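Participant: The structure under discussion is supplied below as structure tokens; questions concerning it will follow.
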Amino acid sequence: MKVNEALKVIDDGWVRKPKGFRVHFQKQVDSEWVTEYAPGEKEKALDSDVVAWRLAWKLSEARKSDKSENDDGDLVNIYIVDDLGHPIKYYASNQFEVFNRREI
């Protein structure tokens, strides 16, 4: 086996390290739910999942209030995704976590 072939086998079977993280959330705009990210998709992603989770938690806490569930501006279904859009487990529990979960 050539070295290049061996490296391809290793790359295909190796655990992939994400190249960045974003906070995924949904909000209601004009009675329609839209998905957005922080930082935005055209901005540089965050380097750390811990920083991203901290941002997600702060967004969820800042949006909690006595508003009704249908108020515009509510941020729901907040979680972290990697550079490919795959959900990332919460570092504190090693479980998939969603802040302000709501069925849409």
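Simple scheme: letters A, B, ... for chains in structure tokens order, numbers from 1 for residues in each chain, numbers from 1 for ligands in the order shown.
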Among region 24-85 of chain A, which residues does DSSP mark as alpha helix (DSSP H) when it is run on the backbone? Keep the chain and numbering as in the structure and answer as JSON, numbers by chain.

Facilitator: {"A": [49, 50, 51, 52, 53, 54, 55, 56, 57, 58, 59, 60, 61, 62, 63]}

Participant: Skipping near chain neighbours, those fewer than 6 positions away, what residues fall within 12 Å of Glu41 (chain A) using only C-alpha atoms, listed as a count of residues only?

Facilitator: 11

Participant: Quick one: residues within 12 Å of Ala52 (chain A), only C-alpha atoms, excluding same-chain residues fewer than 4 positions away - as an mmCIF file with all heavy atoms, in the first residue's frame?

Facilitator:
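After the write, selection_28.cif holds the following:
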data_model
loop_
_atom_site.group_PDB
_atom_site.id
_atom_site.type_symbol
_atom_site.label_atom_id
_atom_site.label_comp_id
_atom_site.auth_asym_id
_atom_site.auth_seq_id
_atom_site.Cartn_x
_atom_site.Cartn_y
_atom_site.Cartn_z
ATOM 1 N N GLY A 20 -15.321 24.673 13.000
ATOM 2 C CA GLY A 20 -15.963 25.839 13.593
ATOM 3 C C GLY A 20 -17.340 25.480 14.108
ATOM 4 O O GLY A 20 -17.867 24.404 13.831
ATOM 5 N N PHE A 21 -17.922 26.413 14.861
ATOM 6 C CA PHE A 21 -19.209 26.174 15.507
ATOM 7 C C PHE A 21 -20.100 27.396 15.364
ATOM 8 O O PHE A 21 -19.616 28.529 15.354
ATOM 9 C CB PHE A 21 -19.001 25.866 16.995
ATOM 10 C CG PHE A 21 -18.083 24.704 17.223
ATOM 11 C CD1 PHE A 21 -16.729 24.900 17.406
ATOM 12 C CD2 PHE A 21 -18.571 23.410 17.240
ATOM 13 C CE1 PHE A 21 -15.868 23.830 17.605
ATOM 14 C CE2 PHE A 21 -17.718 22.335 17.428
ATOM 15 C CZ PHE A 21 -16.370 22.551 17.609
ATOM 16 N N ARG A 22 -21.402 27.155 15.269
ATOM 17 C CA ARG A 22 -22.390 28.228 15.199
ATOM 18 C C ARG A 22 -23.573 27.879 16.106
ATOM 19 O O ARG A 22 -23.879 26.709 16.311
ATOM 20 C CB ARG A 22 -22.922 28.396 13.774
ATOM 21 C CG ARG A 22 -21.867 28.765 12.772
ATOM 22 C CD ARG A 22 -22.458 29.003 11.389
ATOM 23 N NE ARG A 22 -21.411 29.062 10.388
ATOM 24 C CZ ARG A 22 -20.567 30.069 10.234
ATOM 25 N NH1 ARG A 22 -20.635 31.108 11.012
ATOM 26 N NH2 ARG A 22 -19.643 30.034 9.298
ATOM 27 N N VAL A 23 -24.232 28.921 16.585
ATOM 28 C CA VAL A 23 -25.457 28.741 17.353
ATOM 29 C C VAL A 23 -26.616 28.718 16.364
ATOM 30 O O VAL A 23 -26.802 29.662 15.592
ATOM 31 C CB VAL A 23 -25.651 29.885 18.372
ATOM 32 C CG1 VAL A 23 -26.956 29.700 19.136
ATOM 33 C CG2 VAL A 23 -24.474 29.969 19.322
ATOM 34 N N HIS A 24 -27.354 27.624 16.361
ATOM 35 C CA HIS A 24 -28.544 27.470 15.519
ATOM 36 C C HIS A 24 -29.749 27.893 16.353
ATOM 37 O O HIS A 24 -29.860 27.526 17.519
ATOM 38 C CB HIS A 24 -28.671 25.995 15.114
ATOM 39 C CG HIS A 24 -30.005 25.622 14.554
ATOM 40 N ND1 HIS A 24 -31.126 25.429 15.339
ATOM 41 C CD2 HIS A 24 -30.396 25.395 13.289
ATOM 42 C CE1 HIS A 24 -32.136 25.103 14.580
ATOM 43 N NE2 HIS A 24 -31.728 25.070 13.324
ATOM 44 N N TYR A 37 -28.428 31.674 12.320
ATOM 45 C CA TYR A 37 -27.226 31.239 13.014
ATOM 46 C C TYR A 37 -26.488 32.442 13.578
ATOM 47 O O TYR A 37 -26.559 33.542 13.031
ATOM 48 C CB TYR A 37 -26.292 30.491 12.056
ATOM 49 C CG TYR A 37 -26.912 29.247 11.479
ATOM 50 C CD1 TYR A 37 -27.608 29.293 10.280
ATOM 51 C CD2 TYR A 37 -26.812 28.036 12.143
ATOM 52 C CE1 TYR A 37 -28.198 28.157 9.758
ATOM 53 C CE2 TYR A 37 -27.397 26.896 11.627
ATOM 54 C CZ TYR A 37 -28.088 26.957 10.435
ATOM 55 O OH TYR A 37 -28.671 25.838 9.928
ATOM 56 N N ALA A 38 -25.781 32.206 14.668
ATOM 57 C CA ALA A 38 -24.892 33.230 15.242
ATOM 58 C C ALA A 38 -23.552 32.561 15.502
ATOM 59 O O ALA A 38 -23.506 31.578 16.231
ATOM 60 C CB ALA A 38 -25.471 33.798 16.540
ATOM 61 N N PRO A 39 -22.480 33.028 14.935
ATOM 62 C CA PRO A 39 -22.427 34.062 13.911
ATOM 63 C C PRO A 39 -23.110 33.595 12.632
ATOM 64 O O PRO A 39 -23.297 32.397 12.412
ATOM 65 C CB PRO A 39 -20.929 34.272 13.695
ATOM 66 C CG PRO A 39 -20.249 33.108 14.279
ATOM 67 C CD PRO A 39 -21.169 32.494 15.275
ATOM 68 N N ALA A 45 -16.857 31.344 11.743
ATOM 69 C CA ALA A 45 -17.436 30.512 12.799
ATOM 70 C C ALA A 45 -16.618 30.636 14.084
ATOM 71 O O ALA A 45 -15.443 31.029 14.052
ATOM 72 C CB ALA A 45 -17.479 29.052 12.344
ATOM 73 N N LEU A 46 -17.235 30.288 15.199
ATOM 74 C CA LEU A 46 -16.541 30.292 16.486
ATOM 75 C C LEU A 46 -15.566 29.125 16.547
ATOM 76 O O LEU A 46 -15.848 28.041 16.031
ATOM 77 C CB LEU A 46 -17.558 30.205 17.622
ATOM 78 C CG LEU A 46 -18.572 31.349 17.681
ATOM 79 C CD1 LEU A 46 -19.701 31.026 18.652
ATOM 80 C CD2 LEU A 46 -17.874 32.637 18.060
ATOM 81 N N ASP A 47 -14.432 29.320 17.200
ATOM 82 C CA ASP A 47 -13.404 28.285 17.285
ATOM 83 C C ASP A 47 -13.698 27.215 18.336
ATOM 84 O O ASP A 47 -13.174 26.115 18.256
ATOM 85 C CB ASP A 47 -12.044 28.916 17.621
ATOM 86 C CG ASP A 47 -11.534 29.799 16.490
ATOM 87 O OD1 ASP A 47 -11.888 29.546 15.329
ATOM 88 O OD2 ASP A 47 -10.783 30.739 16.783
ATOM 89 N N SER A 48 -14.512 27.543 19.331
ATOM 90 C CA SER A 48 -14.703 26.661 20.475
ATOM 91 C C SER A 48 -16.170 26.296 20.661
ATOM 92 O O SER A 48 -17.043 27.175 20.637
ATOM 93 C CB SER A 48 -14.191 27.373 21.741
ATOM 94 O OG SER A 48 -14.650 26.738 22.897
ATOM 95 N N ALA A 56 -25.095 30.337 23.254
ATOM 96 C CA ALA A 56 -26.445 29.776 23.130
ATOM 97 C C ALA A 56 -27.214 29.920 24.432
ATOM 98 O O ALA A 56 -28.383 30.322 24.439
ATOM 99 C CB ALA A 56 -26.358 28.304 22.719
ATOM 100 N N TRP A 57 -26.574 29.601 25.542
ATOM 101 C CA TRP A 57 -27.232 29.699 26.844
ATOM 102 C C TRP A 57 -27.609 31.151 27.144
ATOM 103 O O TRP A 57 -28.711 31.437 27.610
ATOM 104 C CB TRP A 57 -26.321 29.139 27.939
ATOM 105 C CG TRP A 57 -26.937 29.240 29.293
ATOM 106 C CD1 TRP A 57 -27.880 28.415 29.832
ATOM 107 C CD2 TRP A 57 -26.663 30.248 30.274
ATOM 108 N NE1 TRP A 57 -28.203 28.845 31.085
ATOM 109 C CE2 TRP A 57 -27.474 29.978 31.386
ATOM 110 C CE3 TRP A 57 -25.811 31.342 30.313
ATOM 111 C CZ2 TRP A 57 -27.464 30.759 32.529
ATOM 112 C CZ3 TRP A 57 -25.806 32.129 31.452
ATOM 113 C CH2 TRP A 57 -26.624 31.834 32.547
ATOM 114 N N LYS A 58 -26.684 32.070 26.874
ATOM 115 C CA LYS A 58 -26.964 33.487 27.130
ATOM 116 C C LYS A 58 -28.120 33.986 26.257
ATOM 117 O O LYS A 58 -28.971 34.750 26.726
ATOM 118 C CB LYS A 58 -25.716 34.337 26.895
ATOM 119 C CG LYS A 58 -24.692 34.185 28.001
ATOM 120 C CD LYS A 58 -23.493 35.080 27.764
ATOM 121 C CE LYS A 58 -22.507 34.949 28.911
ATOM 122 N NZ LYS A 58 -21.380 35.876 28.762
ATOM 123 N N LEU A 59 -28.171 33.567 24.993
ATOM 124 C CA LEU A 59 -29.292 33.947 24.128
ATOM 125 C C LEU A 59 -30.608 33.408 24.679
ATOM 126 O O LEU A 59 -31.609 34.115 24.710
ATOM 127 C CB LEU A 59 -29.089 33.410 22.707
ATOM 128 C CG LEU A 59 -28.157 34.190 21.801
ATOM 129 C CD1 LEU A 59 -27.938 33.423 20.499
ATOM 130 C CD2 LEU A 59 -28.707 35.574 21.514
ATOM 131 N N ILE A 78 -32.636 26.362 20.315
ATOM 132 C CA ILE A 78 -31.266 26.869 20.267
ATOM 133 C C ILE A 78 -30.298 25.736 20.582
ATOM 134 O O ILE A 78 -30.408 25.103 21.638
ATOM 135 C CB ILE A 78 -31.083 28.013 21.287
ATOM 136 C CG1 ILE A 78 -32.092 29.135 21.015
ATOM 137 C CG2 ILE A 78 -29.657 28.539 21.252
ATOM 138 C CD1 ILE A 78 -32.132 30.192 22.103
ATOM 139 N N TYR A 79 -29.373 25.483 19.679
ATOM 140 C CA TYR A 79 -28.337 24.481 19.896
ATOM 141 C C TYR A 79 -27.134 24.790 19.020
ATOM 142 O O TYR A 79 -27.163 25.720 18.221
ATOM 143 C CB TYR A 79 -28.866 23.053 19.670
ATOM 144 C CG TYR A 79 -29.434 22.783 18.292
ATOM 145 C CD1 TYR A 79 -28.626 22.299 17.271
ATOM 146 C CD2 TYR A 79 -30.785 22.976 18.038
ATOM 147 C CE1 TYR A 79 -29.147 22.024 16.020
ATOM 148 C CE2 TYR A 79 -31.315 22.706 16.787
ATOM 149 C CZ TYR A 79 -30.500 22.231 15.787
ATOM 150 O OH TYR A 79 -31.018 21.959 14.546
ATOM 151 N N ILE A 80 -26.091 23.997 19.154
ATOM 152 C CA ILE A 80 -24.834 24.236 18.439
ATOM 153 C C ILE A 80 -24.689 23.261 17.282
ATOM 154 O O ILE A 80 -24.993 22.076 17.414
ATOM 155 C CB ILE A 80 -23.630 24.077 19.402
ATOM 156 C CG1 ILE A 80 -23.786 24.993 20.613
ATOM 157 C CG2 ILE A 80 -22.312 24.350 18.688
ATOM 158 C CD1 ILE A 80 -24.035 26.426 20.295
ATOM 159 N N VAL A 81 -24.191 23.788 16.163
ATOM 160 C CA VAL A 81 -23.878 22.947 15.009
ATOM 161 C C VAL A 81 -22.422 23.161 14.623
ATOM 162 O O VAL A 81 -21.837 24.202 14.910
ATOM 163 C CB VAL A 81 -24.796 23.245 13.806
ATOM 164 C CG1 VAL A 81 -26.240 22.901 14.114
ATOM 165 C CG2 VAL A 81 -24.677 24.686 13.344
ATOM 166 N N ASP A 82 -21.851 22.158 13.963
ATOM 167 C CA ASP A 82 -20.480 22.299 13.472
ATOM 168 C C ASP A 82 -20.497 22.940 12.087
ATOM 169 O O ASP A 82 -21.552 23.367 11.606
ATOM 170 C CB ASP A 82 -19.749 20.952 13.473
ATOM 171 C CG ASP A 82 -20.340 19.932 12.505
ATOM 172 O OD1 ASP A 82 -21.184 20.290 11.658
ATOM 173 O OD2 ASP A 82 -19.949 18.754 12.598
ATOM 174 N N PRO A 87 -25.535 18.734 14.583
ATOM 175 C CA PRO A 87 -25.625 19.107 16.001
ATOM 176 C C PRO A 87 -24.422 18.598 16.801
ATOM 177 O O PRO A 87 -23.881 17.532 16.521
ATOM 178 C CB PRO A 87 -26.909 18.432 16.477
ATOM 179 C CG PRO A 87 -27.696 18.185 15.234
ATOM 180 C CD PRO A 87 -26.685 17.942 14.147
ATOM 181 N N ILE A 88 -24.024 19.396 17.791
ATOM 182 C CA ILE A 88 -22.888 19.074 18.662
ATOM 183 C C ILE A 88 -23.407 18.830 20.080
ATOM 184 O O ILE A 88 -24.268 19.564 20.568
ATOM 185 C CB ILE A 88 -21.875 20.249 18.673
ATOM 186 C CG1 ILE A 88 -21.320 20.491 17.280
ATOM 187 C CG2 ILE A 88 -20.771 20.032 19.691
ATOM 188 C CD1 ILE A 88 -20.486 19.358 16.732
ATOM 189 N N LYS A 89 -22.862 17.814 20.733
ATOM 190 C CA LYS A 89 -23.267 17.517 22.107
ATOM 191 C C LYS A 89 -22.794 18.620 23.051
ATOM 192 O O LYS A 89 -21.733 19.206 22.857
ATOM 193 C CB LYS A 89 -22.688 16.182 22.564
ATOM 194 C CG LYS A 89 -23.311 14.991 21.863
ATOM 195 C CD LYS A 89 -22.738 13.690 22.363
ATOM 196 C CE LYS A 89 -23.399 12.512 21.672
ATOM 197 N NZ LYS A 89 -22.852 11.233 22.123
ATOM 198 N N TYR A 90 -23.600 18.861 24.078
ATOM 199 C CA TYR A 90 -23.282 19.857 25.103
ATOM 200 C C TYR A 90 -22.087 19.353 25.905
ATOM 201 O O TYR A 90 -22.089 18.230 26.402
ATOM 202 C CB TYR A 90 -24.506 20.048 25.991
ATOM 203 C CG TYR A 90 -24.406 21.140 27.017
ATOM 204 C CD1 TYR A 90 -23.813 22.357 26.737
ATOM 205 C CD2 TYR A 90 -24.954 20.965 28.275
ATOM 206 C CE1 TYR A 90 -23.754 23.364 27.683
ATOM 207 C CE2 TYR A 90 -24.906 21.961 29.233
ATOM 208 C CZ TYR A 90 -24.303 23.160 28.924
ATOM 209 O OH TYR A 90 -24.246 24.151 29.862
ATOM 210 N N TYR A 91 -21.067 20.182 26.032
ATOM 211 C CA TYR A 91 -19.817 19.760 26.668
ATOM 212 C C TYR A 91 -19.996 19.358 28.128
ATOM 213 O O TYR A 91 -19.266 18.508 28.635
ATOM 214 C CB TYR A 91 -18.755 20.865 26.559
ATOM 215 C CG TYR A 91 -19.070 22.106 27.358
ATOM 216 C CD1 TYR A 91 -18.616 22.250 28.654
ATOM 217 C CD2 TYR A 91 -19.843 23.125 26.812
ATOM 218 C CE1 TYR A 91 -18.925 23.384 29.391
ATOM 219 C CE2 TYR A 91 -20.138 24.250 27.538
ATOM 220 C CZ TYR A 91 -19.687 24.377 28.831
ATOM 221 O OH TYR A 91 -19.994 25.489 29.564
#

Participant: In Å to one decimal, how far is CA of Val29 (chain A) from CA of Phe96 (chain A)?

Facilitator: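 Between CA of Phe96 (chain A) and CA of Val29 (chain A) the gap is 26.5 Å.
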
Participant: Give the answer as one residue: which of A:Gly40, A:Asp11, A:Glu32, A:Phe25 has the shortest atom-to-atom distance to Phe99 (chain A), using only C-alpha atoms?

Facilitator: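 Looking at the shortest contact to Phe99 (chain A), the residue is A:Phe25.
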
Participant: From the DSSP assignment of the backbone, select every residue of region 7-61 of chain A that is strand (DSSP E), and format the answer as a PyMOL selection string.

Facilitator: chain A and resi 21-29+32-38

Participant: Could you pull the residues within 6 Å of Arg101 (chain A), counting only C-alpha atoms, minus those fewer than 2 positions along the same chain, as a PyMOL selection string?

Facilitator: chain A and resi 76-77+98-99
